[in-house]
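The next block is protein18.txt, given as compact mmCIF, C-alpha atoms and all ligand atoms.
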```txt
# COMPACT_ATOMS: atom_id res chain seq x y z
CA MET A 234 5.93 23.52 59.47
CA THR A 235 6.21 19.81 59.23
CA GLY A 236 10.04 19.61 58.96
CA ARG A 237 12.11 17.30 56.85
CA LEU A 238 12.74 14.52 59.32
CA LEU A 239 10.33 11.66 59.15
CA THR A 240 9.07 9.98 62.26
CA LEU A 241 9.92 6.29 62.51
CA PRO A 242 6.40 5.08 61.62
CA ALA A 243 6.35 7.43 58.63
CA ALA A 244 9.74 6.17 57.47
CA LEU A 245 8.58 2.57 57.79
CA ALA A 246 5.45 3.44 55.84
CA LEU A 247 7.62 4.94 53.10
CA VAL A 248 9.72 1.77 52.97
CA ALA A 249 6.53 -0.26 52.70
CA VAL A 250 5.26 1.97 49.90
CA SER A 251 8.58 1.66 48.02
CA ALA A 252 8.47 -2.10 48.42
CA SER A 253 4.96 -2.29 47.02
CA CYS A 254 5.94 0.03 44.18
CA ARG A 255 8.83 -2.26 43.37
CA VAL A 256 6.45 -5.20 43.23
CA ASP A 257 4.13 -3.17 40.98
CA ARG A 258 6.94 -2.53 38.53
CA SER A 259 7.15 -6.21 37.64
CA PRO A 260 6.22 -6.64 33.97
CA LEU A 261 2.54 -6.41 33.09
CA ASN A 262 0.68 -9.48 31.91
CA VAL A 263 -0.75 -9.44 28.41
CA VAL A 264 -4.07 -10.90 27.25
CA VAL A 265 -4.84 -10.73 23.53
CA VAL A 266 -8.32 -11.76 22.39
CA THR A 267 -8.91 -12.01 18.66
CA LEU A 268 -12.55 -12.00 17.57
CA ASP A 269 -12.52 -13.61 14.15
CA THR A 270 -14.65 -12.09 11.38
CA THR A 271 -16.05 -9.36 13.62
CA ARG A 272 -17.15 -6.09 12.01
CA ALA A 273 -16.56 -3.01 14.14
CA ASP A 274 -19.90 -1.48 13.14
CA ARG A 275 -21.77 -4.50 14.49
CA LEU A 276 -20.48 -3.93 18.05
CA THR A 277 -22.29 -1.80 20.60
CA PRO A 278 -19.20 0.26 21.56
CA TYR A 279 -19.04 1.23 17.87
CA GLY A 280 -22.65 2.33 17.71
CA TYR A 281 -24.58 -0.88 17.03
CA LEU A 282 -27.89 -0.67 18.87
CA ASP A 283 -29.77 -3.95 18.49
CA ALA A 284 -27.93 -6.13 21.02
CA SER A 285 -26.10 -5.99 24.32
CA MET A 286 -22.36 -6.74 24.53
CA PRO A 287 -21.48 -6.16 28.19
CA ALA A 288 -17.83 -7.24 28.05
CA LEU A 289 -16.96 -5.03 25.09
CA GLU A 290 -18.95 -2.20 26.66
CA ARG A 291 -16.96 -2.60 29.87
CA LEU A 292 -13.64 -2.49 28.01
CA ALA A 293 -14.83 0.61 26.15
CA ARG A 294 -15.55 2.31 29.49
CA GLU A 295 -12.21 1.28 30.95
CA GLY A 296 -9.80 1.64 28.06
CA ALA A 297 -8.96 3.12 24.70
CA VAL A 298 -11.36 2.51 21.80
CA PHE A 299 -9.79 2.92 18.37
CA GLN A 300 -12.56 4.11 16.10
CA ARG A 301 -10.59 3.83 12.88
CA ALA A 302 -8.54 0.63 13.16
CA TYR A 303 -7.78 -1.49 10.10
CA THR A 304 -6.52 -4.94 9.28
CA ILE A 305 -4.04 -5.55 6.49
CA VAL A 306 -5.45 -8.70 4.84
CA PRO A 307 -9.09 -9.83 5.15
CA LEU A 308 -8.03 -13.41 5.91
CA THR A 309 -7.34 -15.12 9.21
CA LEU A 310 -3.78 -16.44 8.89
CA PRO A 311 -2.09 -13.43 7.26
CA ALA A 312 -3.94 -10.98 9.53
CA HIS A 313 -2.90 -12.85 12.68
CA THR A 314 0.63 -13.18 11.34
CA SER A 315 0.80 -9.40 10.93
CA LEU A 316 -0.71 -8.92 14.38
CA PHE A 317 1.91 -11.09 16.06
CA THR A 318 4.93 -9.89 14.09
CA GLY A 319 4.15 -6.19 13.58
CA LEU A 320 5.02 -6.80 9.92
CA SER A 321 3.18 -6.32 6.66
CA PRO A 322 2.57 -9.46 4.57
CA VAL A 323 4.98 -7.88 2.09
CA SER A 324 7.64 -8.40 4.78
CA HIS A 325 6.63 -11.67 6.44
CA GLY A 326 5.49 -13.41 3.25
CA VAL A 327 2.19 -14.90 4.49
CA HIS A 328 -0.41 -13.44 2.13
CA ASP A 329 -3.05 -16.14 2.18
CA ASN A 330 -4.44 -18.84 4.46
CA ALA A 331 -2.83 -21.40 2.15
CA ASP A 332 0.63 -19.79 2.02
CA ALA A 333 3.64 -21.35 3.66
CA ALA A 334 3.72 -20.86 7.42
CA LEU A 335 5.57 -17.90 8.93
CA ASP A 336 9.30 -18.49 8.57
CA GLY A 337 11.25 -19.17 11.75
CA GLN A 338 13.54 -16.20 11.06
CA PHE A 339 10.80 -13.78 12.17
CA ASP A 340 10.33 -12.91 15.84
CA THR A 341 6.79 -13.13 17.15
CA LEU A 342 5.36 -11.29 20.15
CA ALA A 343 5.35 -14.61 22.02
CA GLU A 344 9.03 -15.21 21.28
CA VAL A 345 10.01 -11.71 22.40
CA LEU A 346 8.02 -11.88 25.65
CA ARG A 347 9.13 -15.45 26.41
CA GLY A 348 12.68 -14.24 25.91
CA SER A 349 11.97 -11.71 28.68
CA GLY A 350 10.77 -14.37 31.11
CA TYR A 351 7.07 -14.54 30.28
CA GLN A 352 5.07 -17.75 30.33
CA THR A 353 3.08 -17.96 27.12
CA ALA A 354 -0.10 -19.79 26.09
CA ALA A 355 -2.44 -19.69 23.11
CA PHE A 356 -5.90 -21.21 22.63
CA VAL A 357 -7.14 -21.08 19.06
CA ALA A 358 -10.46 -22.07 17.50
CA SER A 359 -9.77 -22.67 13.80
CA ALA A 360 -7.62 -25.10 11.85
CA VAL A 361 -6.41 -22.08 9.86
CA LEU A 362 -4.29 -21.37 12.97
CA ASP A 363 -3.07 -24.92 13.52
CA PRO A 364 0.35 -25.15 15.21
CA ASP A 365 2.07 -25.89 11.89
CA ARG A 366 0.76 -22.61 10.40
CA GLY A 367 3.55 -20.61 12.00
CA LEU A 368 2.07 -18.79 14.98
CA ALA A 369 2.95 -21.37 17.62
CA GLN A 370 6.46 -19.86 17.64
CA GLY A 371 7.19 -18.68 21.18
CA PHE A 372 4.23 -20.31 22.93
CA ASP A 373 4.92 -22.75 25.77
CA ARG A 374 1.45 -24.11 25.18
CA TYR A 375 -0.51 -23.85 21.91
CA GLN A 376 -3.92 -25.48 22.11
CA ASP A 377 -5.44 -26.16 18.69
CA THR A 378 -8.96 -27.26 17.76
CA GLY A 379 -8.38 -30.84 18.89
CA VAL A 380 -9.98 -34.00 17.54
CA THR A 381 -13.51 -35.39 17.38
CA GLU A 382 -14.64 -38.48 19.24
CA LEU A 383 -13.80 -40.39 16.05
CA GLY A 384 -10.25 -39.05 16.16
CA ARG A 385 -10.67 -36.66 13.23
CA HIS A 386 -9.01 -33.26 13.37
CA ARG A 387 -11.66 -30.61 13.95
CA SER A 388 -11.81 -27.58 11.67
CA GLN A 389 -13.10 -25.27 14.41
CA ARG A 390 -14.35 -25.17 17.97
CA ARG A 391 -16.67 -22.99 19.99
CA GLY A 392 -15.59 -20.02 22.05
CA ASP A 393 -16.78 -21.46 25.37
CA GLU A 394 -14.36 -24.37 24.95
CA VAL A 395 -11.54 -21.97 24.13
CA ILE A 396 -12.25 -19.85 27.20
CA ASN A 397 -12.68 -22.92 29.45
CA ASP A 398 -9.15 -23.96 28.49
CA ALA A 399 -7.77 -20.46 28.89
CA ILE A 400 -9.28 -20.03 32.36
CA ALA A 401 -8.01 -23.45 33.43
CA TRP A 402 -4.54 -22.44 32.26
CA LEU A 403 -4.79 -19.13 34.16
CA GLU A 404 -5.73 -20.98 37.35
CA HIS A 405 -2.49 -22.95 37.16
CA ALA A 406 -0.19 -20.21 35.88
CA ASP A 407 2.82 -19.53 38.07
CA GLN A 408 3.94 -16.16 39.40
CA ARG A 409 5.81 -15.09 36.26
CA PRO A 410 4.18 -12.53 33.97
CA PHE A 411 2.20 -14.13 31.18
CA LEU A 412 1.08 -13.70 27.60
CA LEU A 413 -2.29 -15.31 26.95
CA TRP A 414 -3.86 -15.32 23.48
CA THR A 415 -7.41 -16.57 22.95
CA HIS A 416 -8.96 -16.77 19.50
CA LEU A 417 -12.76 -16.85 19.14
CA TYR A 418 -13.94 -18.06 15.74
CA ASP A 419 -17.68 -18.03 16.42
CA ALA A 420 -18.60 -15.10 14.16
CA HIS A 421 -17.07 -16.93 11.16
CA GLN A 422 -19.34 -18.83 8.75
CA PRO A 423 -21.36 -20.90 9.36
CA TYR A 424 -23.37 -18.76 11.76
CA GLU A 425 -24.71 -21.26 14.29
CA PRO A 426 -25.17 -19.33 17.53
CA PRO A 427 -25.77 -21.42 20.66
CA GLU A 428 -28.74 -20.83 22.95
CA PRO A 429 -29.89 -18.60 24.49
CA PHE A 430 -28.30 -16.21 21.99
CA ALA A 431 -29.96 -17.84 18.97
CA SER A 432 -33.43 -17.30 20.43
CA GLN A 433 -32.79 -13.88 21.92
CA ILE A 434 -31.18 -12.28 18.88
CA GLY A 435 -32.80 -12.63 15.50
CA ASN A 436 -29.68 -11.98 13.43
CA ARG A 437 -27.48 -15.08 13.57
CA TYR A 438 -24.23 -13.20 12.90
CA ILE A 439 -24.94 -10.74 15.72
CA ALA A 440 -25.96 -13.64 17.97
CA GLU A 441 -22.56 -15.26 17.38
CA ILE A 442 -20.85 -11.99 18.32
CA ALA A 443 -22.98 -11.72 21.49
CA PHE A 444 -21.95 -15.28 22.35
CA ALA A 445 -18.29 -14.38 21.85
CA ASP A 446 -18.81 -11.32 24.05
CA ALA A 447 -20.18 -13.56 26.80
CA GLN A 448 -16.99 -15.65 26.57
CA LEU A 449 -14.86 -12.51 26.76
CA HIS A 450 -16.88 -11.59 29.84
CA ARG A 451 -15.93 -14.88 31.50
CA LEU A 452 -12.26 -14.25 30.75
CA LEU A 453 -12.38 -10.72 32.21
CA ASP A 454 -14.13 -12.15 35.29
CA ALA A 455 -11.35 -14.70 35.69
CA LEU A 456 -8.77 -11.90 35.66
CA ASP A 457 -10.83 -10.02 38.29
CA ARG A 458 -11.13 -13.08 40.53
CA ARG A 459 -7.38 -13.61 40.52
CA GLY A 460 -6.72 -9.92 41.19
CA LEU A 461 -4.92 -9.58 37.85
CA ALA A 462 -7.02 -6.94 36.10
CA GLY A 463 -4.90 -4.04 37.36
CA ARG A 464 -1.68 -5.77 36.29
CA THR A 465 -2.74 -6.87 32.83
CA VAL A 466 -2.83 -5.28 29.40
CA VAL A 467 -5.99 -6.49 27.64
CA VAL A 468 -6.14 -6.08 23.87
CA VAL A 469 -9.30 -7.09 22.01
CA LEU A 470 -9.47 -6.86 18.24
CA ALA A 471 -10.73 -8.62 15.13
CA ASP A 472 -8.55 -10.08 12.41
CA HIS A 473 -10.98 -8.74 9.75
CA GLY A 474 -14.64 -7.96 9.27
CA GLU A 475 -17.36 -9.60 7.16
CA SER A 476 -19.10 -8.45 3.99
CA LEU A 477 -22.47 -9.98 4.91
CA GLY A 478 -23.46 -10.03 1.25
CA GLU A 479 -22.63 -6.36 0.58
CA ARG A 480 -21.35 -5.73 -2.96
CA GLY A 481 -22.09 -9.36 -3.69
CA GLU A 482 -19.43 -10.77 -1.34
CA ARG A 483 -20.82 -13.41 0.98
CA ASP A 484 -18.14 -13.33 3.68
CA HIS A 485 -14.56 -12.02 3.29
CA GLY A 486 -11.28 -12.58 1.49
CA ILE A 487 -11.78 -10.95 -1.90
CA PHE A 488 -12.59 -7.24 -1.54
CA LEU A 489 -10.85 -4.46 0.38
CA TYR A 490 -13.82 -2.34 1.42
CA ASP A 491 -14.16 -1.19 5.01
CA ASN A 492 -16.79 -3.78 5.90
CA VAL A 493 -13.85 -6.24 5.99
CA LEU A 494 -10.89 -3.92 6.62
CA GLN A 495 -12.21 -1.94 9.57
CA ILE A 496 -11.77 -3.82 12.83
CA PRO A 497 -12.61 -3.17 16.45
CA LEU A 498 -9.54 -2.44 18.60
CA LEU A 499 -9.85 -1.89 22.34
CA ILE A 500 -6.90 -1.63 24.72
CA ARG A 501 -7.24 -1.59 28.49
CA ALA A 502 -4.01 -1.15 30.39
CA PRO A 503 -2.80 0.26 33.70
CA GLY A 504 -2.14 3.97 33.23
CA VAL A 505 -4.11 4.20 29.97
CA ALA A 506 -7.10 6.52 30.32
CA ALA A 507 -10.47 5.65 28.84
CA SER A 508 -10.61 7.41 25.52
CA ARG A 509 -11.99 7.43 21.99
CA ILE A 510 -9.23 7.66 19.41
CA THR A 511 -10.09 8.71 15.87
CA ALA A 512 -6.60 8.63 14.32
CA ILE A 513 -5.83 5.70 12.01
CA ALA A 514 -4.55 2.60 13.83
CA ARG A 515 -3.33 -0.56 12.11
CA ILE A 516 -3.12 -4.20 13.07
CA ILE A 517 0.67 -4.01 12.61
CA ASP A 518 0.78 -1.34 15.35
CA VAL A 519 -0.53 -3.68 18.05
CA MET A 520 2.69 -5.59 18.73
CA PRO A 521 4.85 -2.43 19.11
CA THR A 522 2.13 -1.03 21.40
CA ILE A 523 2.18 -4.12 23.62
CA LEU A 524 5.99 -4.05 23.75
CA GLU A 525 5.94 -0.41 24.86
CA LEU A 526 3.20 -0.98 27.46
CA THR A 527 5.17 -3.87 28.94
CA GLY A 528 8.48 -1.97 29.02
CA GLN A 529 10.15 -3.98 26.26
CA PRO A 530 12.64 -2.30 23.93
CA ALA A 531 11.21 -1.12 20.61
CA ARG A 532 11.99 -3.35 17.63
CA HIS A 533 12.34 -2.74 13.93
CA GLY A 534 9.11 -3.51 12.08
CA ASP A 535 6.41 -2.08 9.83
CA GLY A 536 4.11 -0.87 12.64
CA ARG A 537 4.66 1.63 15.41
CA SER A 538 3.33 1.98 18.94
CA LEU A 539 -0.09 3.51 19.47
CA SER A 540 0.92 4.76 22.92
CA PRO A 541 1.35 8.37 21.76
CA LEU A 542 -2.29 8.32 20.61
CA MET A 543 -3.40 6.83 23.93
CA ARG A 544 -1.62 9.69 25.72
CA GLY A 545 -3.66 12.19 23.72
CA GLY A 546 -1.04 12.92 21.07
CA ASP A 547 -1.44 13.24 17.34
CA ASP A 548 0.22 10.69 15.06
CA HIS A 549 -0.74 10.20 11.41
CA ARG A 550 -0.44 6.88 9.62
CA GLU A 551 -1.32 5.49 6.24
CA ALA A 552 -2.81 2.02 6.16
CA TYR A 553 -1.94 -0.57 3.51
CA ALA A 554 -4.07 -3.61 2.75
CA GLU A 555 -3.97 -6.37 0.17
CA SER A 556 -5.87 -9.36 -1.04
CA LEU A 557 -3.89 -11.84 -3.12
CA TYR A 558 -6.42 -14.59 -2.57
CA PRO A 559 -8.39 -13.67 -5.76
CA ARG A 560 -5.31 -14.75 -7.78
CA ARG A 561 -5.70 -18.26 -6.48
CA ILE A 562 -9.06 -18.47 -8.20
CA GLY A 563 -7.96 -16.77 -11.40
CA TRP A 564 -8.96 -13.17 -10.66
CA SER A 565 -6.75 -10.11 -10.17
CA ALA A 566 -5.23 -9.44 -6.76
CA LEU A 567 -6.15 -6.18 -5.02
CA ALA A 568 -4.18 -3.73 -2.88
CA SER A 569 -5.21 -0.53 -1.13
CA VAL A 570 -3.81 2.37 0.81
CA ARG A 571 -5.63 4.98 2.86
CA ASP A 572 -4.64 8.22 4.47
CA ASP A 573 -6.73 10.49 6.67
CA ARG A 574 -8.99 11.42 3.76
CA PHE A 575 -8.63 9.17 0.70
CA LYS A 576 -8.62 5.46 0.03
CA PHE A 577 -7.22 4.02 -3.17
CA ILE A 578 -7.80 0.46 -4.33
CA GLU A 579 -5.47 -0.83 -7.05
CA ALA A 580 -7.43 -3.10 -9.37
CA PRO A 581 -7.84 -3.56 -13.14
CA LYS A 582 -10.50 -0.84 -12.66
CA PRO A 583 -8.92 1.34 -9.94
CA GLU A 584 -11.05 2.92 -7.23
CA LEU A 585 -10.62 6.12 -5.23
CA TYR A 586 -12.90 7.19 -2.40
CA ASP A 587 -13.06 10.51 -0.57
CA LEU A 588 -13.80 9.10 2.88
CA ASP A 589 -14.60 12.52 4.37
CA ASN A 590 -17.55 12.89 2.05
CA ASP A 591 -18.21 9.25 1.20
CA PRO A 592 -17.49 7.06 4.25
CA PHE A 593 -19.28 4.05 2.77
CA GLU A 594 -17.14 4.03 -0.40
CA LEU A 595 -20.06 4.32 -2.75
CA ASN A 596 -18.78 6.91 -5.21
CA ASN A 597 -15.61 5.95 -7.12
CA ILE A 598 -13.88 9.21 -8.08
CA ALA A 599 -10.75 7.67 -9.62
CA GLY A 600 -11.68 9.01 -13.05
CA ALA A 601 -11.99 12.57 -11.79
CA ARG A 602 -8.90 12.69 -9.54
CA ALA A 603 -6.03 11.42 -11.71
CA ALA A 604 -3.31 13.20 -9.69
CA THR A 605 -4.50 11.74 -6.38
CA VAL A 606 -4.73 8.28 -7.97
CA GLU A 607 -1.15 8.57 -9.24
CA ALA A 608 0.18 9.79 -5.88
CA MET A 609 -1.51 6.98 -3.99
CA ARG A 610 -0.43 4.40 -6.56
CA ARG A 611 3.16 5.51 -5.96
CA ARG A 612 2.62 5.11 -2.19
CA LEU A 613 1.33 1.58 -2.79
CA GLU A 614 4.32 0.70 -4.94
CA ALA A 615 6.69 2.07 -2.30
CA ILE A 616 5.05 -0.08 0.39
CA ALA A 617 5.02 -3.16 -1.83
CA SER A 618 8.70 -2.76 -2.71
CA ALA A 619 9.73 -2.33 0.94
CA SER A 620 9.76 -6.11 1.31
CA THR A 621 12.22 -7.48 3.83
CA ALA A 622 11.72 -11.08 2.80
CA ALA A 623 11.34 -13.13 -0.32
CA SER A 624 7.71 -14.20 -0.42
CA THR A 625 7.47 -17.20 -2.66
CA PRO A 626 4.46 -19.27 -1.72
CA ALA A 627 5.26 -22.89 -1.13
CA PRO A 628 3.11 -25.53 -2.81
CA VAL A 629 0.00 -26.36 -0.83
CA SER A 630 -0.06 -29.93 0.41
CA LYS A 631 -3.07 -32.12 -0.28
CA GLU A 632 -3.67 -32.44 3.45
CA LEU A 633 -3.63 -28.66 3.99
CA ARG A 634 -5.87 -28.16 0.95
CA GLU A 635 -8.41 -30.52 2.51
CA ARG A 636 -8.23 -28.76 5.87
CA LEU A 637 -8.83 -25.37 4.25
CA ALA A 638 -11.56 -26.72 2.01
CA ALA A 639 -13.39 -27.87 5.13
CA LEU A 640 -13.44 -24.20 6.15
CA GLY A 641 -14.66 -23.06 2.75
CA TYR A 642 -11.37 -21.77 1.35
CA THR A 643 -10.32 -22.54 -2.18
CA THR A 644 -6.64 -23.26 -2.71
CA SER A 645 -4.52 -23.91 -5.74
CA SER A 646 -0.83 -24.50 -5.47
CA GLY A 647 1.61 -22.40 -7.40
CA ALA A 648 -0.37 -19.15 -7.63
CA GLY A 649 2.03 -16.23 -7.73
CA THR A 650 1.74 -13.25 -5.45
CA ALA A 651 2.10 -10.46 -7.98
CA ARG A 652 -0.87 -8.38 -9.06
CA ASN A 653 -1.81 -9.20 -12.58
CA ARG A 654 -3.78 -6.72 -14.63
CA ASP A 655 -4.46 -9.32 -17.32
CA LEU A 656 -6.76 -11.11 -14.93
CA PRO A 657 -10.39 -10.06 -14.51
CA ASP A 658 -11.37 -7.52 -11.88
CA PRO A 659 -12.96 -9.25 -8.87
CA LYS A 660 -15.81 -6.75 -8.85
CA ASP A 661 -16.76 -8.01 -12.31
CA CYS A 662 -16.61 -11.62 -11.13
CA ILE A 663 -18.07 -11.69 -7.64
CA ALA A 664 -21.50 -12.73 -8.87
CA ALA A 665 -19.95 -16.00 -10.02
CA MET A 666 -18.70 -16.66 -6.52
CA ALA A 667 -22.07 -15.79 -5.02
CA ALA A 668 -23.62 -18.41 -7.28
CA ALA A 669 -20.95 -20.97 -6.41
CA ALA A 670 -21.37 -20.22 -2.71
CA LEU A 671 -24.80 -21.81 -2.90
CA ASP A 672 -22.89 -25.06 -3.07
CA ASP A 673 -19.97 -25.10 -0.67
CA THR A 674 -18.20 -27.88 -2.51
CA ALA A 675 -18.00 -25.61 -5.56
CA ARG A 676 -15.75 -23.28 -3.55
CA THR A 677 -13.04 -25.91 -3.47
CA HIS A 678 -12.60 -25.76 -7.24
CA ALA A 679 -9.16 -24.38 -8.02
CA ARG A 680 -10.52 -21.72 -10.36
CA MET A 681 -13.67 -19.70 -10.08
CA PRO A 682 -15.44 -18.64 -13.25
CA CYS A 683 -15.94 -14.94 -13.89
CA ARG A 684 -19.50 -13.82 -14.69
ZN ZN A 701 -10.43 -14.59 10.30
```
As structure tokens, how would this structure be written, given the file I've shared?
Amino acid sequence: MTGRLLTLPAALALVAVSASCRVDRSPLNVVVVTLDTTRADRLTPYGYLDASMPALERLAREGAVFQRAYTIVPLTLPAHTSLFTGLSPVSHGVHDNADAALDGQFDTLAEVLRGSGYQTAAFVASAVLDPDRGLAQGFDRYQDTGVTELGRHRSQRRGDEVINDAIAWLEHADQRPFLLWTHLYDAHQPYEPPEPFASQIGNRYIAEIAFADAQLHRLLDALDRRGLAGRTVVVVLADHGESLGERGERDHGIFLYDNVLQIPLLIRAPGVAASRITAIARIIDVMPTILELTGQPARHGDGRSLSPLMRGGDDHREAYAESLYPRRIGWSALASVRDDRFKFIEAPKPELYDLDNDPFELNNIAGARAATVEAMRRRLEAIASASTAASTPAPVSKELRERLAALGYTTSSGAGTARNRDLPDPKDCIAAMAAAALDDTARTHARMPCR
């Protein structure tokens, strides 16, 4: 038998192992990459076949792929605000790109991690996420889109610039754990993919995504080169998808169908096995997941950690979503809730889809399933009344209105946030927007005609 006493070299080896274990228990780094306007079903790890996306494919091999992940608002600012607070817009009050910035009373992921000794940096690519829009809270460095050679504020910038800055920051980061957020806006309109992607891929939207993937690849390489990959939680997700003309919607922001609500979500982390997860995951669940993976105490919020799912457990959620933006142009707001089988969209003409039998939401069965409609409407009202904050939109300044108009977003100050059934149903009006979209300046009109 080997006996219980250790030889001296064995004991020293054990001490060395304990010491290295102690080092390994230092908090994990966190990298969050948001791919703006990126539909899950246009990515190769989600079954898209007509392109190559090596970085996303690598993450899918090395981490958890959430096959049914959903955003909560199909607009950049509210979606990112929910991502970084773990709160529904009903709670944090940012429903629209033109709403008042996130109030300082709310704790962001960056504030929580910085409070635990993390260094924090963000590199964003759209003026929608300018530092005064609320998400700079908690970041030591928050790099916005910058200015042109003529000194004008830029509305957006390319992903290679964003990643250049992020890698340069990484090279000079100190030994403390870090939170790094990079935002890639390339897949947003207008689709202007750089070469060689434009020539290699016929579809300009897909080419933009492939370009963003190449930038993600550079970031993952930078983590590898610095020996950080095994000590870093990497979370890649979209803020929302893109309609690509389906149902008459050119891009995103009005409707709540899955072409804009379903998002890619991939999480690679030490100790997390590669897996495909089919349970519902929500953008509000990402912050609690990161806090759990980094050993932070759980916090009160609207989301909950996805870790049980990544450990192979079962955990059912319902997913809320809303679009109040249509009210700003004189149409009814929309809200939706889904469970494992049904999705209900509250609208002047309500919609119910049986996702098991109708995954593309083509057959509205609201008229035939009155009891299910009523039950889901009550769930929606319960979620909407669970507000933890007054959400009165502040007037939109002229300067902000101009910034958003440059990105194609209509704003009108003073629009309320309540759903209003006296207003027309967006599905009856979308053709008017499609016509107006032919002329981008028309989109800056405060009200959009219906029909
Ligand atoms: Zn966006």
How close does chain A get to ligand ZN 701 (chain A)? List, as a Markdown table, each residue of chain A within 7 Å, its nearest atom pair and the distance in Å to one decimal, counting all atoms listed in the file.
```
| residue | atom | partner | partner_atom | distance |
| --- | --- | --- | --- | --- |
| A:Asp269 | CA | A:ZN701 | ZN | 4.5 |
| A:Thr270 | CA | A:ZN701 | ZN | 5.0 |
| A:Leu308 | CA | A:ZN701 | ZN | 5.1 |
| A:Thr309 | CA | A:ZN701 | ZN | 3.3 |
| A:Asp472 | CA | A:ZN701 | ZN | 5.3 |
| A:His473 | CA | A:ZN701 | ZN | 5.9 |
```
Check your understanding: At what distance in Å, to one decimal, does atom CA of Leu261 of chain A lie from atom CA of Gly528 of chain A?
Key ->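 A separation of 8.5 Å between them.
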Check your understanding: Got a sec to check which residues sit within 12 Å of (-18.9, -10.8, -11.3), counting all atoms listed in the file, and write them as number ranges by chain?
Key -> A: 480-482, 487, 564, 657-669, 681-684
So which residues are close to (-9.7, -9.2, 34.8), meaning at most 12 Å away in the file's coordinates with all atoms listed in the file counted, and can you show them as a tab-separated table (two decimals) with C-alpha atoms, in the coordinates of the input?
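Output file out_8.tsv follows:
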```
chain	number	residue	atom	x	y	z
A	262	ASN	CA	0.68	-9.48	31.91
A	263	VAL	CA	-0.75	-9.44	28.41
A	264	VAL	CA	-4.07	-10.90	27.25
A	288	ALA	CA	-17.83	-7.24	28.05
A	291	ARG	CA	-16.96	-2.60	29.87
A	292	LEU	CA	-13.64	-2.49	28.01
A	295	GLU	CA	-12.21	1.28	30.95
A	400	ILE	CA	-9.28	-20.03	32.36
A	403	LEU	CA	-4.79	-19.13	34.16
A	449	LEU	CA	-14.86	-12.51	26.76
A	450	HIS	CA	-16.88	-11.59	29.84
A	451	ARG	CA	-15.93	-14.88	31.50
A	452	LEU	CA	-12.26	-14.25	30.75
A	453	LEU	CA	-12.38	-10.72	32.21
A	454	ASP	CA	-14.13	-12.15	35.29
A	455	ALA	CA	-11.35	-14.70	35.69
A	456	LEU	CA	-8.77	-11.90	35.66
A	457	ASP	CA	-10.83	-10.02	38.29
A	458	ARG	CA	-11.13	-13.08	40.53
A	459	ARG	CA	-7.38	-13.61	40.52
A	460	GLY	CA	-6.72	-9.92	41.19
A	461	LEU	CA	-4.92	-9.58	37.85
A	462	ALA	CA	-7.02	-6.94	36.10
A	463	GLY	CA	-4.90	-4.04	37.36
A	464	ARG	CA	-1.68	-5.77	36.29
A	465	THR	CA	-2.74	-6.87	32.83
A	466	VAL	CA	-2.83	-5.28	29.40
A	467	VAL	CA	-5.99	-6.49	27.64
A	468	VAL	CA	-6.14	-6.08	23.87
A	501	ARG	CA	-7.24	-1.59	28.49
A	502	ALA	CA	-4.01	-1.15	30.39
A	503	PRO	CA	-2.80	0.26	33.70
```
Practice item. For Phe411 of chain A, list every protein, DNA or RNA residue within 6 Å, evaluated using all atoms listed in the file, and leave out those in the same chain fewer than 6 positions away; present the list as JSON, numbers by chain. Key: {"A": [262, 351, 352, 353]}
Review point. What is the atom CA of Thr415 of chain A to atom CA of Gly486 of chain A distance in Å?
Key: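 Between atom CA of Thr415 of chain A and atom CA of Gly486 of chain A the gap works out to 22.2 Å.
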**Study point:** Contact residues around Asn597 of chain A with all atoms listed in the file at 8 Å, ignoring same-chain residues under 6 positions, as a ChimeraX atom specification
**Key:** /A:584-586
Review point. Restricting the calculation to only C-alpha atoms, which member of A:Ala471, A:Val570, A:Leu526, A:Val606 is positioned closest to Pro260 of chain A?
Key: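 The answer is A:Leu526, which sits nearest to Pro260 of chain A.
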Practice item. Please provide the set of residues having any atom within 7 Å of Gly319 of chain A, restricted to only C-alpha atoms, with same-chain residues fewer than 6 positions apart removed, written as a PyMOL selection string. Key: chain A and resi 517-521+534-536
Point to revise | atom CA of Asp393 of chain A to atom CA of Arg301 of chain A, straight-line distance in Å | key: 28.9 Å
Practice item. Find the spatial neighbours of Arg294 of chain A, counting all atoms listed in the file, within a cut-off of 10 Å - ignore same-chain residues fewer than 4 positions away - and output them as a list in words. Key: Pro278, Ala288, Leu289, Glu290, Val298, Arg501, Ala506, Ala507, Ser508 and Arg509 of chain A
Check your understanding: Looking at all atoms listed in the file, which of A:Ser321, A:Gln408, A:Asn590, A:Ser359 is the one that sits closest to Leu268 of chain A?
Key ->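 The closest residue to Leu268 of chain A is A:Ser359.
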Exercise for review: Please provide as a list in words all residues within 7 Å of Leu588 of chain A, with the sequence filter that same-chain residues fewer than 2 positions apart are discarded (counting all atoms listed in the file).
Suggested key: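 Contacts, in chain order: Arg574, Phe575, Lys576, Tyr586, Asn590, Asp591, Pro592 and Glu594 of chain A.
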**Study point:** Among listed residues A:Ala601, A:Ile396, A:Ile500, A:Leu276, nearest Ala420 of chain A (using only C-alpha atoms)
**Key:**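 Using only C-alpha atoms, the shortest distance to Ala420 of chain A belongs to A:Leu276.
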